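Colleague: Quick one, input.cif (mmCIF, N, CA and C atoms):
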data_data
loop_
_atom_site.label_atom_id
_atom_site.label_comp_id
_atom_site.auth_asym_id
_atom_site.auth_seq_id
_atom_site.Cartn_x
_atom_site.Cartn_y
_atom_site.Cartn_z
N MET A 1464 -5.49 -2.90 1.46
CA MET A 1464 -5.25 -1.57 0.96
C MET A 1464 -3.87 -1.59 0.31
N GLY A 1465 -3.73 -0.88 -0.78
CA GLY A 1465 -2.39 -0.83 -1.32
C GLY A 1465 -2.27 -0.21 -2.69
N LEU A 1466 -1.03 0.10 -3.01
CA LEU A 1466 -0.61 0.65 -4.30
C LEU A 1466 0.38 -0.33 -4.87
N THR A 1467 0.23 -0.68 -6.15
CA THR A 1467 1.10 -1.67 -6.76
C THR A 1467 1.30 -1.39 -8.24
N THR A 1468 2.38 -1.90 -8.77
CA THR A 1468 2.60 -1.85 -10.22
C THR A 1468 2.08 -3.12 -10.89
N SER A 1469 1.65 -4.09 -10.10
CA SER A 1469 1.16 -5.37 -10.62
C SER A 1469 -0.32 -5.28 -11.00
N PRO A 1470 -0.77 -6.16 -11.90
CA PRO A 1470 -2.20 -6.21 -12.24
C PRO A 1470 -3.05 -6.46 -10.99
N LEU A 1471 -4.25 -5.89 -10.99
CA LEU A 1471 -5.14 -6.01 -9.83
C LEU A 1471 -6.09 -7.18 -10.02
N PRO A 1472 -6.02 -8.19 -9.16
CA PRO A 1472 -6.89 -9.36 -9.27
C PRO A 1472 -8.25 -9.10 -8.62
N VAL A 1473 -9.15 -8.49 -9.35
CA VAL A 1473 -10.45 -8.09 -8.82
C VAL A 1473 -11.21 -9.31 -8.29
N ASP A 1474 -11.11 -10.44 -8.96
CA ASP A 1474 -11.81 -11.64 -8.49
C ASP A 1474 -11.30 -12.07 -7.11
N ARG A 1475 -10.01 -11.95 -6.87
CA ARG A 1475 -9.44 -12.29 -5.56
C ARG A 1475 -9.94 -11.33 -4.47
N ALA A 1476 -10.08 -10.06 -4.82
CA ALA A 1476 -10.61 -9.08 -3.86
C ALA A 1476 -12.05 -9.43 -3.49
N ALA A 1477 -12.86 -9.78 -4.49
CA ALA A 1477 -14.26 -10.14 -4.23
C ALA A 1477 -14.35 -11.38 -3.35
N GLU A 1478 -13.48 -12.34 -3.57
CA GLU A 1478 -13.48 -13.54 -2.74
C GLU A 1478 -13.06 -13.22 -1.30
N TRP A 1479 -12.04 -12.39 -1.13
CA TRP A 1479 -11.51 -12.10 0.20
C TRP A 1479 -12.51 -11.37 1.07
N VAL A 1480 -13.32 -10.48 0.50
CA VAL A 1480 -14.25 -9.70 1.33
C VAL A 1480 -15.45 -10.51 1.79
N GLN A 1481 -15.71 -11.65 1.18
CA GLN A 1481 -16.86 -12.47 1.58
C GLN A 1481 -16.70 -12.96 3.02
N ARG A 1482 -17.81 -12.85 3.76
CA ARG A 1482 -17.87 -13.35 5.13
C ARG A 1482 -19.24 -13.98 5.36
N GLY A 1483 -19.31 -14.89 6.31
CA GLY A 1483 -20.57 -15.55 6.61
C GLY A 1483 -21.67 -14.63 7.09
N ASP A 1484 -21.31 -13.52 7.73
CA ASP A 1484 -22.31 -12.58 8.24
C ASP A 1484 -22.65 -11.48 7.24
N CYS A 1485 -22.08 -11.56 6.04
CA CYS A 1485 -22.31 -10.54 5.01
C CYS A 1485 -23.03 -11.17 3.82
N GLY A 1486 -24.20 -10.65 3.53
CA GLY A 1486 -24.99 -11.19 2.42
C GLY A 1486 -24.81 -10.44 1.12
N ALA A 1487 -23.93 -9.44 1.11
CA ALA A 1487 -23.73 -8.64 -0.11
C ALA A 1487 -22.25 -8.38 -0.33
N VAL A 1488 -21.84 -8.49 -1.58
CA VAL A 1488 -20.49 -8.13 -2.01
C VAL A 1488 -20.63 -7.25 -3.23
N VAL A 1489 -20.03 -6.08 -3.18
CA VAL A 1489 -20.00 -5.16 -4.32
C VAL A 1489 -18.56 -4.95 -4.72
N THR A 1490 -18.28 -5.08 -6.01
CA THR A 1490 -16.94 -4.81 -6.52
C THR A 1490 -17.03 -3.73 -7.58
N PHE A 1491 -15.99 -2.93 -7.64
CA PHE A 1491 -15.85 -1.90 -8.67
C PHE A 1491 -14.45 -2.00 -9.24
N ALA A 1492 -14.36 -2.00 -10.56
CA ALA A 1492 -13.06 -1.99 -11.22
C ALA A 1492 -13.05 -0.83 -12.21
N GLY A 1493 -12.16 0.12 -11.98
CA GLY A 1493 -11.98 1.23 -12.91
C GLY A 1493 -10.93 0.83 -13.94
N THR A 1494 -11.28 0.92 -15.23
CA THR A 1494 -10.37 0.50 -16.29
C THR A 1494 -9.96 1.68 -17.15
N VAL A 1495 -8.82 1.54 -17.79
CA VAL A 1495 -8.32 2.57 -18.71
C VAL A 1495 -9.18 2.54 -19.96
N ARG A 1496 -9.71 3.70 -20.33
CA ARG A 1496 -10.55 3.78 -21.54
C ARG A 1496 -9.77 4.45 -22.67
N ASP A 1497 -10.31 4.37 -23.86
CA ASP A 1497 -9.60 4.84 -25.06
C ASP A 1497 -9.81 6.31 -25.38
N HIS A 1498 -10.34 7.07 -24.45
CA HIS A 1498 -10.53 8.51 -24.67
C HIS A 1498 -10.58 9.23 -23.33
N ALA A 1499 -10.39 10.51 -23.39
CA ALA A 1499 -10.55 11.40 -22.25
C ALA A 1499 -11.17 12.67 -22.80
N GLU A 1500 -11.57 13.56 -21.93
CA GLU A 1500 -12.20 14.80 -22.38
C GLU A 1500 -11.29 15.52 -23.36
N GLY A 1501 -11.76 15.67 -24.61
CA GLY A 1501 -11.00 16.38 -25.63
C GLY A 1501 -9.83 15.60 -26.20
N ARG A 1502 -9.73 14.32 -25.85
CA ARG A 1502 -8.59 13.51 -26.29
C ARG A 1502 -9.07 12.15 -26.78
N GLU A 1503 -9.19 12.01 -28.08
CA GLU A 1503 -9.55 10.73 -28.66
C GLU A 1503 -8.30 9.89 -28.89
N GLY A 1504 -8.47 8.59 -28.92
CA GLY A 1504 -7.35 7.71 -29.23
C GLY A 1504 -6.35 7.54 -28.10
N VAL A 1505 -6.80 7.69 -26.85
CA VAL A 1505 -5.90 7.44 -25.73
C VAL A 1505 -5.52 5.97 -25.77
N ASP A 1506 -4.22 5.68 -25.69
CA ASP A 1506 -3.80 4.28 -25.72
C ASP A 1506 -3.08 3.85 -24.44
N GLU A 1507 -2.79 4.83 -23.58
CA GLU A 1507 -2.10 4.44 -22.35
C GLU A 1507 -2.17 5.57 -21.34
N LEU A 1508 -2.17 5.17 -20.07
CA LEU A 1508 -2.10 6.11 -18.95
C LEU A 1508 -0.89 5.74 -18.11
N GLU A 1509 -0.26 6.76 -17.56
CA GLU A 1509 0.82 6.51 -16.62
C GLU A 1509 0.45 7.15 -15.29
N TYR A 1510 0.37 6.34 -14.25
CA TYR A 1510 0.01 6.83 -12.93
C TYR A 1510 1.25 7.04 -12.08
N GLU A 1511 1.32 8.21 -11.45
CA GLU A 1511 2.37 8.51 -10.48
C GLU A 1511 1.70 8.77 -9.14
N ALA A 1512 2.37 8.39 -8.07
CA ALA A 1512 1.77 8.54 -6.74
C ALA A 1512 2.80 9.05 -5.75
N TYR A 1513 2.31 9.73 -4.74
CA TYR A 1513 3.10 10.11 -3.58
C TYR A 1513 2.99 8.93 -2.62
N ASP A 1514 3.81 7.92 -2.87
CA ASP A 1514 3.69 6.59 -2.26
C ASP A 1514 3.47 6.61 -0.74
N ALA A 1515 4.21 7.39 -0.03
CA ALA A 1515 4.15 7.37 1.43
C ALA A 1515 2.77 7.77 1.97
N HIS A 1516 2.00 8.49 1.17
CA HIS A 1516 0.68 8.96 1.63
C HIS A 1516 -0.47 8.10 1.14
N VAL A 1517 -0.22 7.23 0.19
CA VAL A 1517 -1.33 6.48 -0.41
C VAL A 1517 -1.93 5.47 0.56
N GLU A 1518 -1.15 4.54 1.06
CA GLU A 1518 -1.71 3.47 1.89
C GLU A 1518 -2.36 3.98 3.17
N PRO A 1519 -1.75 4.93 3.90
CA PRO A 1519 -2.45 5.44 5.10
C PRO A 1519 -3.80 6.07 4.76
N ARG A 1520 -3.89 6.76 3.65
CA ARG A 1520 -5.17 7.37 3.26
C ARG A 1520 -6.18 6.31 2.84
N LEU A 1521 -5.71 5.27 2.15
CA LEU A 1521 -6.63 4.18 1.79
C LEU A 1521 -7.21 3.54 3.05
N ARG A 1522 -6.37 3.35 4.06
CA ARG A 1522 -6.85 2.78 5.32
C ARG A 1522 -7.88 3.70 5.99
N GLN A 1523 -7.63 5.01 5.93
CA GLN A 1523 -8.59 5.96 6.50
C GLN A 1523 -9.94 5.87 5.79
N ILE A 1524 -9.91 5.71 4.47
CA ILE A 1524 -11.16 5.60 3.70
C ILE A 1524 -11.93 4.36 4.15
N ALA A 1525 -11.24 3.22 4.26
CA ALA A 1525 -11.90 1.98 4.69
C ALA A 1525 -12.47 2.13 6.10
N GLU A 1526 -11.70 2.73 7.00
CA GLU A 1526 -12.17 2.93 8.37
C GLU A 1526 -13.40 3.82 8.40
N GLU A 1527 -13.39 4.88 7.60
CA GLU A 1527 -14.54 5.79 7.55
C GLU A 1527 -15.77 5.08 6.99
N ALA A 1528 -15.58 4.22 6.00
CA ALA A 1528 -16.71 3.45 5.45
C ALA A 1528 -17.33 2.57 6.53
N ARG A 1529 -16.49 1.96 7.36
CA ARG A 1529 -17.00 1.10 8.44
C ARG A 1529 -17.75 1.92 9.49
N VAL A 1530 -17.33 3.14 9.73
CA VAL A 1530 -18.02 4.01 10.68
C VAL A 1530 -19.38 4.44 10.12
N ARG A 1531 -19.40 4.83 8.85
CA ARG A 1531 -20.63 5.34 8.24
C ARG A 1531 -21.68 4.24 8.03
N TRP A 1532 -21.22 3.04 7.71
CA TRP A 1532 -22.13 1.92 7.45
C TRP A 1532 -21.73 0.77 8.38
N ALA A 1533 -22.44 0.66 9.50
CA ALA A 1533 -22.08 -0.30 10.54
C ALA A 1533 -22.13 -1.74 10.04
N GLY A 1534 -22.88 -2.01 9.00
CA GLY A 1534 -22.99 -3.37 8.48
C GLY A 1534 -21.85 -3.79 7.57
N VAL A 1535 -20.89 -2.91 7.32
CA VAL A 1535 -19.77 -3.25 6.43
C VAL A 1535 -18.87 -4.28 7.10
N GLY A 1536 -18.50 -5.29 6.31
CA GLY A 1536 -17.60 -6.32 6.80
C GLY A 1536 -16.16 -6.01 6.43
N ARG A 1537 -15.75 -6.46 5.24
CA ARG A 1537 -14.38 -6.24 4.79
C ARG A 1537 -14.37 -5.27 3.62
N VAL A 1538 -13.22 -4.60 3.48
CA VAL A 1538 -13.03 -3.62 2.41
C VAL A 1538 -11.67 -3.84 1.77
N VAL A 1539 -11.64 -3.83 0.44
CA VAL A 1539 -10.39 -3.83 -0.32
C VAL A 1539 -10.37 -2.57 -1.18
N ILE A 1540 -9.26 -1.85 -1.15
CA ILE A 1540 -9.05 -0.71 -2.05
C ILE A 1540 -7.62 -0.82 -2.57
N TRP A 1541 -7.50 -1.02 -3.87
CA TRP A 1541 -6.19 -1.13 -4.52
C TRP A 1541 -6.11 -0.13 -5.66
N HIS A 1542 -4.93 0.41 -5.89
CA HIS A 1542 -4.70 1.31 -7.04
C HIS A 1542 -3.39 0.93 -7.69
N ARG A 1543 -3.35 1.04 -8.99
CA ARG A 1543 -2.13 0.77 -9.74
C ARG A 1543 -1.30 2.04 -9.87
N SER A 1544 -0.01 1.85 -10.08
CA SER A 1544 0.87 2.94 -10.50
C SER A 1544 1.65 2.40 -11.69
N GLY A 1545 2.31 3.30 -12.40
CA GLY A 1545 3.03 2.88 -13.59
C GLY A 1545 2.19 3.05 -14.84
N THR A 1546 2.62 2.40 -15.92
CA THR A 1546 1.98 2.54 -17.23
C THR A 1546 0.97 1.43 -17.45
N LEU A 1547 -0.25 1.81 -17.87
CA LEU A 1547 -1.34 0.88 -18.12
C LEU A 1547 -1.92 1.12 -19.50
N GLY A 1548 -2.31 0.06 -20.16
CA GLY A 1548 -2.94 0.14 -21.47
C GLY A 1548 -4.45 0.11 -21.36
N VAL A 1549 -5.11 0.41 -22.46
CA VAL A 1549 -6.58 0.41 -22.52
C VAL A 1549 -7.10 -0.96 -22.08
N GLY A 1550 -8.11 -0.92 -21.21
CA GLY A 1550 -8.73 -2.14 -20.71
C GLY A 1550 -8.14 -2.66 -19.41
N GLN A 1551 -6.96 -2.19 -19.03
CA GLN A 1551 -6.37 -2.67 -17.78
C GLN A 1551 -7.04 -1.99 -16.58
N VAL A 1552 -7.12 -2.71 -15.48
CA VAL A 1552 -7.74 -2.19 -14.25
C VAL A 1552 -6.75 -1.29 -13.53
N SER A 1553 -7.17 -0.06 -13.28
CA SER A 1553 -6.31 0.90 -12.59
C SER A 1553 -6.66 1.04 -11.11
N VAL A 1554 -7.90 0.76 -10.76
CA VAL A 1554 -8.35 0.86 -9.37
C VAL A 1554 -9.42 -0.19 -9.12
N ALA A 1555 -9.37 -0.79 -7.94
CA ALA A 1555 -10.36 -1.80 -7.58
C ALA A 1555 -10.84 -1.57 -6.15
N VAL A 1556 -12.15 -1.71 -5.97
CA VAL A 1556 -12.77 -1.61 -4.65
C VAL A 1556 -13.69 -2.81 -4.50
N ALA A 1557 -13.62 -3.46 -3.36
CA ALA A 1557 -14.56 -4.53 -3.02
C ALA A 1557 -15.01 -4.33 -1.59
N VAL A 1558 -16.30 -4.45 -1.37
CA VAL A 1558 -16.88 -4.23 -0.04
C VAL A 1558 -17.91 -5.32 0.23
N SER A 1559 -17.85 -5.87 1.42
CA SER A 1559 -18.92 -6.78 1.86
C SER A 1559 -19.69 -6.09 2.98
N ALA A 1560 -20.97 -6.44 3.06
CA ALA A 1560 -21.82 -5.89 4.11
C ALA A 1560 -22.97 -6.86 4.35
N ALA A 1561 -23.62 -6.68 5.48
CA ALA A 1561 -24.76 -7.52 5.81
C ALA A 1561 -25.87 -7.37 4.77
N HIS A 1562 -26.05 -6.16 4.25
CA HIS A 1562 -27.14 -5.88 3.30
C HIS A 1562 -26.60 -5.11 2.10
N ARG A 1563 -27.27 -5.27 0.95
CA ARG A 1563 -26.78 -4.68 -0.30
C ARG A 1563 -26.72 -3.16 -0.29
N GLY A 1564 -27.64 -2.50 0.37
CA GLY A 1564 -27.62 -1.04 0.40
C GLY A 1564 -26.34 -0.50 1.00
N ASP A 1565 -25.94 -1.07 2.12
CA ASP A 1565 -24.69 -0.65 2.77
C ASP A 1565 -23.49 -0.98 1.88
N ALA A 1566 -23.50 -2.15 1.25
CA ALA A 1566 -22.38 -2.54 0.39
C ALA A 1566 -22.25 -1.58 -0.79
N PHE A 1567 -23.36 -1.27 -1.46
CA PHE A 1567 -23.32 -0.33 -2.59
C PHE A 1567 -22.88 1.06 -2.14
N ASP A 1568 -23.49 1.55 -1.06
CA ASP A 1568 -23.16 2.90 -0.58
C ASP A 1568 -21.70 3.01 -0.15
N ALA A 1569 -21.22 2.01 0.57
CA ALA A 1569 -19.83 2.04 1.05
C ALA A 1569 -18.85 1.93 -0.12
N ALA A 1570 -19.14 1.09 -1.09
CA ALA A 1570 -18.26 0.96 -2.26
C ALA A 1570 -18.21 2.28 -3.03
N ARG A 1571 -19.35 2.90 -3.22
CA ARG A 1571 -19.37 4.19 -3.93
C ARG A 1571 -18.60 5.25 -3.14
N TYR A 1572 -18.79 5.28 -1.83
CA TYR A 1572 -18.04 6.21 -1.00
C TYR A 1572 -16.54 5.98 -1.18
N CYS A 1573 -16.12 4.72 -1.14
CA CYS A 1573 -14.69 4.41 -1.25
C CYS A 1573 -14.11 4.91 -2.57
N ILE A 1574 -14.72 4.58 -3.69
CA ILE A 1574 -14.13 4.99 -4.97
C ILE A 1574 -14.22 6.51 -5.14
N ASP A 1575 -15.31 7.12 -4.75
CA ASP A 1575 -15.41 8.58 -4.87
C ASP A 1575 -14.37 9.27 -3.99
N THR A 1576 -14.12 8.75 -2.80
CA THR A 1576 -13.17 9.36 -1.89
C THR A 1576 -11.73 9.12 -2.36
N VAL A 1577 -11.47 7.96 -2.94
CA VAL A 1577 -10.14 7.71 -3.53
C VAL A 1577 -9.84 8.79 -4.56
N LYS A 1578 -10.81 9.11 -5.39
CA LYS A 1578 -10.60 10.08 -6.47
C LYS A 1578 -10.28 11.48 -5.96
N THR A 1579 -10.73 11.81 -4.75
CA THR A 1579 -10.52 13.17 -4.25
C THR A 1579 -9.44 13.30 -3.19
N THR A 1580 -9.01 12.18 -2.59
CA THR A 1580 -8.10 12.29 -1.44
C THR A 1580 -6.76 11.59 -1.60
N ILE A 1581 -6.60 10.79 -2.62
CA ILE A 1581 -5.36 10.03 -2.77
C ILE A 1581 -4.43 10.77 -3.73
N PRO A 1582 -3.18 11.00 -3.33
CA PRO A 1582 -2.25 11.74 -4.19
C PRO A 1582 -1.68 10.85 -5.31
N ILE A 1583 -2.53 10.65 -6.33
CA ILE A 1583 -2.17 9.89 -7.53
C ILE A 1583 -2.53 10.75 -8.73
N TRP A 1584 -1.61 10.86 -9.67
CA TRP A 1584 -1.82 11.66 -10.87
C TRP A 1584 -1.64 10.79 -12.09
N LYS A 1585 -2.36 11.17 -13.17
CA LYS A 1585 -2.22 10.37 -14.39
C LYS A 1585 -1.78 11.23 -15.56
N ARG A 1586 -0.94 10.63 -16.37
CA ARG A 1586 -0.47 11.23 -17.62
C ARG A 1586 -1.10 10.42 -18.74
N GLU A 1587 -1.76 11.11 -19.67
CA GLU A 1587 -2.45 10.45 -20.78
C GLU A 1587 -1.61 10.52 -22.04
N ARG A 1588 -1.58 9.42 -22.77
CA ARG A 1588 -0.93 9.38 -24.08
C ARG A 1588 -1.98 9.02 -25.11
N TRP A 1589 -2.07 9.84 -26.17
CA TRP A 1589 -3.06 9.63 -27.22
C TRP A 1589 -2.41 9.92 -28.57
N ALA A 1590 -3.16 9.71 -29.62
CA ALA A 1590 -2.62 9.84 -30.97
C ALA A 1590 -1.96 11.20 -31.20
N GLY A 1591 -2.47 12.26 -30.57
CA GLY A 1591 -1.95 13.61 -30.80
C GLY A 1591 -0.89 14.07 -29.83
N GLY A 1592 -0.50 13.23 -28.87
CA GLY A 1592 0.53 13.65 -27.92
C GLY A 1592 0.36 13.03 -26.55
N GLU A 1593 0.85 13.72 -25.56
CA GLU A 1593 0.72 13.27 -24.17
C GLU A 1593 0.73 14.48 -23.25
N ASP A 1594 0.02 14.34 -22.14
CA ASP A 1594 -0.02 15.42 -21.15
C ASP A 1594 -0.71 14.87 -19.90
N TRP A 1595 -0.64 15.65 -18.83
CA TRP A 1595 -1.33 15.28 -17.60
C TRP A 1595 -2.82 15.32 -17.85
N GLY A 1596 -3.57 14.48 -17.15
CA GLY A 1596 -5.03 14.45 -17.26
C GLY A 1596 -5.62 15.80 -16.92
N LEU A 1597 -6.73 16.11 -17.58
CA LEU A 1597 -7.39 17.40 -17.38
C LEU A 1597 -8.27 17.43 -16.13
N ASP A 1598 -8.40 16.29 -15.46
CA ASP A 1598 -9.28 16.22 -14.30
C ASP A 1598 -8.54 16.38 -12.98
N GLY A 1599 -7.37 16.97 -13.01
CA GLY A 1599 -6.57 17.18 -11.81
C GLY A 1599 -7.26 18.12 -10.83
N HIS A 1600 -6.95 17.98 -9.55
CA HIS A 1600 -7.55 18.81 -8.50
C HIS A 1600 -6.66 18.75 -7.28
N ASP A 1601 -6.91 19.64 -6.33
CA ASP A 1601 -6.19 19.59 -5.07
C ASP A 1601 -6.58 18.32 -4.33
N VAL A 1602 -5.67 17.79 -3.55
CA VAL A 1602 -5.92 16.58 -2.77
C VAL A 1602 -6.55 17.00 -1.44
N ALA A 1603 -7.74 16.48 -1.16
CA ALA A 1603 -8.46 16.79 0.07
C ALA A 1603 -8.09 15.78 1.16
N GLU A 1604 -8.42 16.09 2.38
CA GLU A 1604 -8.23 15.15 3.48
C GLU A 1604 -9.43 14.20 3.52
N VAL A 1605 -9.20 12.97 3.92
CA VAL A 1605 -10.28 12.00 4.08
C VAL A 1605 -11.23 12.54 5.15
N GLY A 1606 -12.52 12.46 4.88
CA GLY A 1606 -13.52 12.94 5.83
C GLY A 1606 -14.02 14.34 5.54
N GLN A 1607 -13.40 15.02 4.59
CA GLN A 1607 -13.86 16.38 4.25
C GLN A 1607 -15.00 16.32 3.25
#
Could you spell out this file's structure in C-alpha cells?

Modeller:
Amino acid sequence: MGLTTSPLPVDRAAEWVQRGDCGAVVTFAGTVRDHAEGREGVDELEYEAYDAHVEPRLRQIAEEARVRWAGVGRVVIWHRSGTLGVGQVSVAVAVSAAHRGDAFDAARYCIDTVKTTIPIWKRERWAGGEDWGLDGHDVAEVGQ
C-alpha cells in the first residue's frame, strides 16, 4: 500500500501478489487520459493528497477485500501524487485469489473504494486552462 511520486511498476505488483495457492491475478492500472468531461486536450494532471490519511485507508481497503472475499491472497494498492502526463499510471491495483471471480471482484472493489475514500484530488491542465477535476466529491469512510 502506498502513495508515491515515483512511477508505478505495475508488472512488479502483479509479480508480488502471485502465490502458490492463488490461481488468479488481476491487475488494474489507471492512466492519465487526454480529455476529461468538457475538457479536450488535457495534457497533464497534478495529484495532491492528504498524505497522513492515504496509507491507513489503503490498508483498510485491502483488509476489507480480504474479509469480503476469503479466497484473496495478496493485495497491492498504489497511487501517485505530483504531476503526471498523458499515458502515465496514476493508480495501480493488483489482487491474487484462489479463483478468478474473487480476484476480479476484489480488484474492482479496491479501485472503486479508492476513488471514494482516499483524500486525493486532481488538478487538470488542458489547452484552454487548468482547474480542479469536475469529479470531486466528499471523502467517505472505508466500509460505507

Colleague: Please identify all polymer residues within 8 Å of Val1539 (chain A), counting only C-alpha atoms, omitting same-chain residues fewer than 2 positions from it, and present them as a list in words.

Modeller: Met1464, Ala1476, Val1480, Ala1525, Arg1537, Trp1541, Ala1555, Val1556, Ala1557 and Val1558 of chain A

Colleague: If you measure from CA of Gly1504 (chain A) to CA of Thr1576 (chain A), what distance in Å do you get, rounded to one decimal?

Modeller: 28.0 Å

Colleague: Hey, what's within 8 Å of Ala1566 (chain A) if we count all atoms listed in the file and toss same-chain stuff fewer than 3 positions away? As number ranges by chain, please?

Modeller: A: 1487-1490, 1532, 1534-1536, 1557-1563, 1569-1572

Colleague: Using DSSP on the backbone coordinates, identify all residues within region 1478-1542 of chain A classified as strand (DSSP E); present the result as a list in words.

Modeller: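 Secondary structure check on region 1478-1542 of chain A, strand (DSSP E): Ala1487, Val1488, Val1489, Thr1490, Phe1491, Ala1492, Gly1493, Thr1494, His1498, Ala1499, Arg1502, Glu1503, Glu1507, Leu1508, Glu1509, Tyr1510, Glu1511, Ala1512, Val1535, Gly1536, Arg1537, Val1538, Val1539, Ile1540, Trp1541 and His1542 of chain A.
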
Colleague: What is the distance between CA of Leu1521 (chain A) and CA of Ile1540 (chain A), in Å to one decimal?

Modeller: 6.7 Å

Colleague: What is the atom N of Ile1581 (chain A)-atom C of Asp1506 (chain A) distance in Å, reported with one decimal?

Modeller: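 Computed distance, atom N of Ile1581 (chain A) to atom C of Asp1506 (chain A), equals 23.2 Å.
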
Colleague: Tell me which residues the PyMOL selection byres (((chain A and resi 1586-1591 and name CA) around 6) and name CA) grabs here, as a VMD selection string.

Modeller: chain A and resid 1504 to 1509 1585 1592 to 1596

Colleague: Could you write out that same residue set with N, CA and C atoms as a PDB file, in the frame of the given file?

Modeller:
ATOM      1  N   GLY A1504      -8.470   8.590 -28.920  1.00  0.00           N
ATOM      2  CA  GLY A1504      -7.350   7.710 -29.230  1.00  0.00           C
ATOM      3  C   GLY A1504      -6.350   7.540 -28.100  1.00  0.00           C
ATOM      4  N   VAL A1505      -6.800   7.690 -26.850  1.00  0.00           N
ATOM      5  CA  VAL A1505      -5.900   7.440 -25.730  1.00  0.00           C
ATOM      6  C   VAL A1505      -5.520   5.970 -25.770  1.00  0.00           C
ATOM      7  N   ASP A1506      -4.220   5.680 -25.690  1.00  0.00           N
ATOM      8  CA  ASP A1506      -3.800   4.280 -25.720  1.00  0.00           C
ATOM      9  C   ASP A1506      -3.080   3.850 -24.440  1.00  0.00           C
ATOM     10  N   GLU A1507      -2.790   4.830 -23.580  1.00  0.00           N
ATOM     11  CA  GLU A1507      -2.100   4.440 -22.350  1.00  0.00           C
ATOM     12  C   GLU A1507      -2.170   5.570 -21.340  1.00  0.00           C
ATOM     13  N   LEU A1508      -2.170   5.170 -20.070  1.00  0.00           N
ATOM     14  CA  LEU A1508      -2.100   6.110 -18.950  1.00  0.00           C
ATOM     15  C   LEU A1508      -0.890   5.740 -18.110  1.00  0.00           C
ATOM     16  N   GLU A1509      -0.260   6.760 -17.560  1.00  0.00           N
ATOM     17  CA  GLU A1509       0.820   6.510 -16.620  1.00  0.00           C
ATOM     18  C   GLU A1509       0.450   7.150 -15.290  1.00  0.00           C
ATOM     19  N   LYS A1585      -2.360  11.170 -13.170  1.00  0.00           N
ATOM     20  CA  LYS A1585      -2.220  10.370 -14.390  1.00  0.00           C
ATOM     21  C   LYS A1585      -1.780  11.230 -15.560  1.00  0.00           C
ATOM     22  N   GLY A1592      -0.500  13.230 -28.870  1.00  0.00           N
ATOM     23  CA  GLY A1592       0.530  13.650 -27.920  1.00  0.00           C
ATOM     24  C   GLY A1592       0.360  13.030 -26.550  1.00  0.00           C
ATOM     25  N   GLU A1593       0.850  13.720 -25.560  1.00  0.00           N
ATOM     26  CA  GLU A1593       0.720  13.270 -24.170  1.00  0.00           C
ATOM     27  C   GLU A1593       0.730  14.480 -23.250  1.00  0.00           C
ATOM     28  N   ASP A1594       0.020  14.340 -22.140  1.00  0.00           N
ATOM     29  CA  ASP A1594      -0.020  15.420 -21.150  1.00  0.00           C
ATOM     30  C   ASP A1594      -0.710  14.870 -19.900  1.00  0.00           C
ATOM     31  N   TRP A1595      -0.640  15.650 -18.830  1.00  0.00           N
ATOM     32  CA  TRP A1595      -1.330  15.280 -17.600  1.00  0.00           C
ATOM     33  C   TRP A1595      -2.820  15.320 -17.850  1.00  0.00           C
ATOM     34  N   GLY A1596      -3.570  14.480 -17.150  1.00  0.00           N
ATOM     35  CA  GLY A1596      -5.030  14.450 -17.260  1.00  0.00           C
ATOM     36  C   GLY A1596      -5.620  15.800 -16.920  1.00  0.00           C
TER      37      GLY A1596
END
